[in-house]
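Following: one structure in structure tokens, then a few remarks.
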Amino acid sequence: MRARAVVDLAALRANVRALRAAAPTAELMTVVKSDAYGHGMVPCARAARKAGASWLGAATPEEALALRAAGDTGRLMCWLWTPGGPWRQAIEADIDVSASGLWALREAVAAARACGRTARLHLKADTGLGRSGCQPADWPALVDEARAAEAEGAIRVTGLWSHFACADEPGHPSIGAQLSVFRDMVAHAERAGLRPEVRHLANSPATLTVPESHFDLVRTGIATYGISPSPELGAAADFGLRPVMTLSAALASVKRVPGGHGVSYGHRYVTPGETTLALVPVGYGDGIPRHASGTGPVLVAGKWRTIAGTVAMDQFVVDLGGDTAAPGDEAVLFGPGDRGEPTAEDWARAVGSIAYEIVTRISARIPRVYVGEDGGTGN
């Protein structure tokens, strides 16, 4: 196999259990958006359910509908809506939908009336992140219209929620500020007569470090996959988490070249002397960042190497110096680190990004190979 991403579902289940233990008074939503952060949405969703995730979270309605099509029957929420979205299909599939403003609420209500079902709907408050969510000044109008639609039977407001901006920065003043605004907006909604099943604000870092934000439900994304939501908060192992994905490839070529030999496009690397070059057959078409050129770490022949020269669409080169290897030998780009290989966090530091991006961008051209599936895959 040219390359593969091994996904350890036993590690994922253990991570879900660790996150449940970190928020023992709340239910847990495992976020599986963007193909489970590149790990494979359906297998990861099933593993999370097996480990006790009572909710799943998806960004888009298409993701949520795909989970239903794959047989998931538990509580499931999606939140990234645009006008004209598949509201009716989501409502008929018993998916919890979200509204950040009156347009979304009205589309959900219209769809519920059209299909003769009561929509399960969460109202999202903008407590300071500045993305989606209803501003505090507009909240009373949204709450009042939602309450009227609920009295009619078109919707049931099942959740009130918001999202942190800086929970991955310990002590950031916005954390307390957002908590305060959220409490106020929830209190207003409840005074107006809304009785949500769940109030939820905490993401992965808040689940691990801000217990006062747990409320009724926590939403854990990146931590599920064994990656620390912020190195400042600690490494994954500090929270009892284990990286789930290991990305590797088989060397496609190994050859001796003389000193002064240019390597890859632009000759940004020139061999300092006679050496051995190994070709790793993955590139930016597979999700390897092109800006990892000259910086990306790889374990080959028992040692860390750095990408030599430019990452191409399908391949990159490493200089083995005086070491030897053979075509077919394994190059490990990242994994848990048990064998001395780099981690996704090492890659993030090398390219000036975050580990979220490193795992999520690995393309579908690289097959996912699932291990640790014992223990079942049922909902």
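Note on naming: chains are A, B, ... as they come in the structure tokens, residues start from 1 per chain, ligands start from 1 in the order shown.
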
With the cut-off set at 8 Å and counting only C-alpha atoms, tabulate each residue of segment 310-357 of chain A with an atom at most that distance from an atom of segment 244-267 of chain A, showing the nearest atom pair and its distance in Å to one decimal, ordered by chain and increasing number, as CSV.
residue,atom,partner,partner_atom,distance
A:Thr310,CA,A:Ser264,CA,5.6
A:Val311,CA,A:Ser264,CA,7.7
A:Ala312,CA,A:Tyr265,CA,7.5
A:Phe316,CA,A:Ser264,CA,7.6
A:Val317,CA,A:Ser264,CA,7.5
A:Ala325,CA,A:Val254,CA,6.7
A:Ala326,CA,A:Val254,CA,5.9
A:Pro327,CA,A:Leu251,CA,4.9
A:Gly328,CA,A:Ala250,CA,4.7
A:Asp329,CA,A:Ala250,CA,5.4
A:Glu330,CA,A:Ala250,CA,4.7
A:Ala331,CA,A:Ala249,CA,5.3
A:Val332,CA,A:Ser248,CA,4.3
A:Leu333,CA,A:Leu247,CA,5.6
A:Phe334,CA,A:Leu247,CA,5.5
A:Gly335,CA,A:Thr246,CA,4.0
A:Pro336,CA,A:Thr246,CA,7.0

### Task
Mind listing the strand (DSSP E or B) residues of segment 52-108 of chain A, per DSSP on the backbone, as JSON, numbers by chain?
{"A": [55, 56, 57, 58, 75, 76, 77, 78, 96, 97, 98, 99]}

### Query
For the atom pair atom CA of Pro229 of chain A and atom CA of Val32 of chain A, what is the interatomic distance in Å to one decimal place?
15.3 Å

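Nearest residue to Val371 of chain A, choosing from A:Leu19, A:Cys44, A:Ala53, A:Leu142 and counting only C-alpha atoms: A:Cys44.
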
### Which residue of A:Gly153, A:Gly337, A:Gly176, A:Pro86 approaches Thr127 of chain A most closely, using only C-alpha atoms
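Among A:Gly153, A:Gly337, A:Gly176, A:Pro86, it is A:Gly176 that comes nearest to Thr127 of chain A.
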
### Best match for closeness to Val280 of chain A among A:Gly234, A:Val318, A:Thr295, A:Gly372, counting only C-alpha atoms
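Comparing A:Gly234, A:Val318, A:Thr295, A:Gly372 against Val280 of chain A, the winner is A:Val318.
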
### Message
as a ChimeraX atom specification, please: the residues near Leu67 of chain A (cut-off 9 Å, only C-alpha atoms, same-chain neighbours under 5 positions excluded).
### Response
/A:41-42,45,62,72-73,76

Can those selected residues be exported to a file as a PDB file, in the first residue's frame so that it contains N, CA and C atoms?
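Below you can see out_29.pdb, which holds the result:
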ATOM      1  N   MET A  41     -15.958   9.543   9.494  1.00  0.00           N
ATOM      2  CA  MET A  41     -17.092   9.918  10.338  1.00  0.00           C
ATOM      3  C   MET A  41     -17.871   8.719  10.879  1.00  0.00           C
ATOM      4  N   VAL A  42     -18.264   7.799  10.013  1.00  0.00           N
ATOM      5  CA  VAL A  42     -19.155   6.731  10.471  1.00  0.00           C
ATOM      6  C   VAL A  42     -18.462   5.766  11.437  1.00  0.00           C
ATOM      7  N   ALA A  45     -18.006   7.650  14.713  1.00  0.00           N
ATOM      8  CA  ALA A  45     -19.279   7.878  15.392  1.00  0.00           C
ATOM      9  C   ALA A  45     -19.755   6.620  16.106  1.00  0.00           C
ATOM     10  N   GLU A  62     -25.860  17.940   5.835  1.00  0.00           N
ATOM     11  CA  GLU A  62     -25.494  16.810   4.990  1.00  0.00           C
ATOM     12  C   GLU A  62     -24.724  15.757   5.783  1.00  0.00           C
ATOM     13  N   ASP A  72     -27.310   5.548  12.377  1.00  0.00           N
ATOM     14  CA  ASP A  72     -27.292   6.127  13.725  1.00  0.00           C
ATOM     15  C   ASP A  72     -28.696   6.597  14.099  1.00  0.00           C
ATOM     16  N   THR A  73     -29.113   6.265  15.294  1.00  0.00           N
ATOM     17  CA  THR A  73     -30.468   6.607  15.732  1.00  0.00           C
ATOM     18  C   THR A  73     -30.502   7.447  17.003  1.00  0.00           C
ATOM     19  N   LEU A  76     -28.642  13.646  17.806  1.00  0.00           N
ATOM     20  CA  LEU A  76     -27.719  14.105  16.772  1.00  0.00           C
ATOM     21  C   LEU A  76     -28.056  15.553  16.440  1.00  0.00           C
TER      22      LEU A  76
END

## Note on the structure
From the list A:His188, A:Arg183, A:Lys303, A:Arg106, the nearest residue to Val143 of chain A using only C-alpha atoms is A:His188

### Task
Excluding segment 282-285 of chain A and any residue of its chain fewer than 4 positions from it, enumerate the residues within 9 Å of it, using only C-alpha atoms, and give them as a ChimeraX atom specification.
/A:2-3,249,289-290,311-316,362-363,365-366

### Query
Mind pulling up the distance from atom CA of Leu80 of chain A to atom CA of Asp144 of chain A?
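Atom-to-atom, atom CA of Asp144 of chain A and atom CA of Leu80 of chain A are spaced 22.4 Å apart.
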
### Message
Which residues are close to Ala112 of chain A, i.e. within 12 Å by only C-alpha atoms, leaving aside same-chain residues fewer than 3 positions away? Reply as a list of chain:residue names.
### Response
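Contacts, with the query itself left out: A:Pro86, A:Trp87, A:Arg88, A:Gln89, A:Ala90, A:Ile91, A:Glu92, A:Ala93, A:Asp94, A:Val97, A:Leu105, A:Arg106, A:Glu107, A:Ala108, A:Val109, A:Cys115, A:Gly116, A:Arg117, A:Thr118, A:Ala119, A:Arg120, A:Leu121, A:Ala149, A:Glu150, A:Glu152, A:Gly153, A:Ala154, A:Ile155, A:Arg156.
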
Write out, as a PDB file, in the first residue's frame, the residues just selected, with C-alpha atoms.
ATOM      1  CA  PRO A  86     -32.528  20.750   3.927  1.00  0.00           C
ATOM      2  CA  TRP A  87     -34.599  21.625   6.979  1.00  0.00           C
ATOM      3  CA  ARG A  88     -37.448  19.248   6.186  1.00  0.00           C
ATOM      4  CA  GLN A  89     -35.146  16.269   5.622  1.00  0.00           C
ATOM      5  CA  ALA A  90     -33.347  16.967   8.899  1.00  0.00           C
ATOM      6  CA  ILE A  91     -36.576  17.347  10.854  1.00  0.00           C
ATOM      7  CA  GLU A  92     -37.994  14.153   9.386  1.00  0.00           C
ATOM      8  CA  ALA A  93     -34.764  12.375  10.350  1.00  0.00           C
ATOM      9  CA  ASP A  94     -35.149  13.534  13.985  1.00  0.00           C
ATOM     10  CA  VAL A  97     -31.221  21.726  14.207  1.00  0.00           C
ATOM     11  CA  LEU A 105     -36.051  29.889  13.029  1.00  0.00           C
ATOM     12  CA  ARG A 106     -38.672  30.786  10.420  1.00  0.00           C
ATOM     13  CA  GLU A 107     -37.286  28.309   7.881  1.00  0.00           C
ATOM     14  CA  ALA A 108     -37.277  25.572  10.506  1.00  0.00           C
ATOM     15  CA  VAL A 109     -40.843  26.386  11.529  1.00  0.00           C
ATOM     16  CA  CYS A 115     -43.962  17.826   7.169  1.00  0.00           C
ATOM     17  CA  GLY A 116     -46.321  17.813  10.125  1.00  0.00           C
ATOM     18  CA  ARG A 117     -43.611  17.119  12.682  1.00  0.00           C
ATOM     19  CA  THR A 118     -42.308  19.037  15.675  1.00  0.00           C
ATOM     20  CA  ALA A 119     -38.749  20.191  15.002  1.00  0.00           C
ATOM     21  CA  ARG A 120     -36.138  19.761  17.712  1.00  0.00           C
ATOM     22  CA  LEU A 121     -34.309  23.101  17.710  1.00  0.00           C
ATOM     23  CA  ALA A 149     -43.687  28.528  17.616  1.00  0.00           C
ATOM     24  CA  GLU A 150     -43.247  26.096  20.486  1.00  0.00           C
ATOM     25  CA  GLU A 152     -48.091  26.185  18.358  1.00  0.00           C
ATOM     26  CA  GLY A 153     -46.322  22.806  18.340  1.00  0.00           C
ATOM     27  CA  ALA A 154     -44.107  23.521  15.339  1.00  0.00           C
ATOM     28  CA  ILE A 155     -40.868  23.295  17.318  1.00  0.00           C
ATOM     29  CA  ARG A 156     -39.526  22.146  20.641  1.00  0.00           C
TER      30      ARG A 156
END

### Atom-to-atom span, atom CA of Glu190 of chain A and atom CA of Ala202 of chain A, Å
19.7 Å

### Neighbour list for Gly296 of chain A as a list in words, cut-off 6 Å, only C-alpha atoms, skip fewer than 2 positions in-chain
Ala292, Thr306, Ile307 and Ala350 of chain A

#### Entry: Non-local contacts of Pro136 of chain A (8 Å; only C-alpha atoms; under 2 positions in same chain excluded) as a ChimeraX atom specification
/A:125-127,134,138-140,185

### Task
Run DSSP on the backbone of this structure and report the residues of segment 62-199 of chain A it assigns to alpha helix (DSSP H), as a ChimeraX atom specification.
/A:62-69,87-92,102-115,139-152,173-191

### Task
Could you check which of A:Leu320, A:Ile288, A:Val218, A:Ala111 is closest to Val359 of chain A, using only C-alpha atoms?
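Smallest distance to Val359 of chain A is found for A:Ile288.
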
### Task
Rank A:Ala348, A:Ala114, A:Ala278, A:Met29 by their smallest atom-to-atom distance to Thr324 of chain A, using only C-alpha atoms, and report the top residue only.
A:Ala278
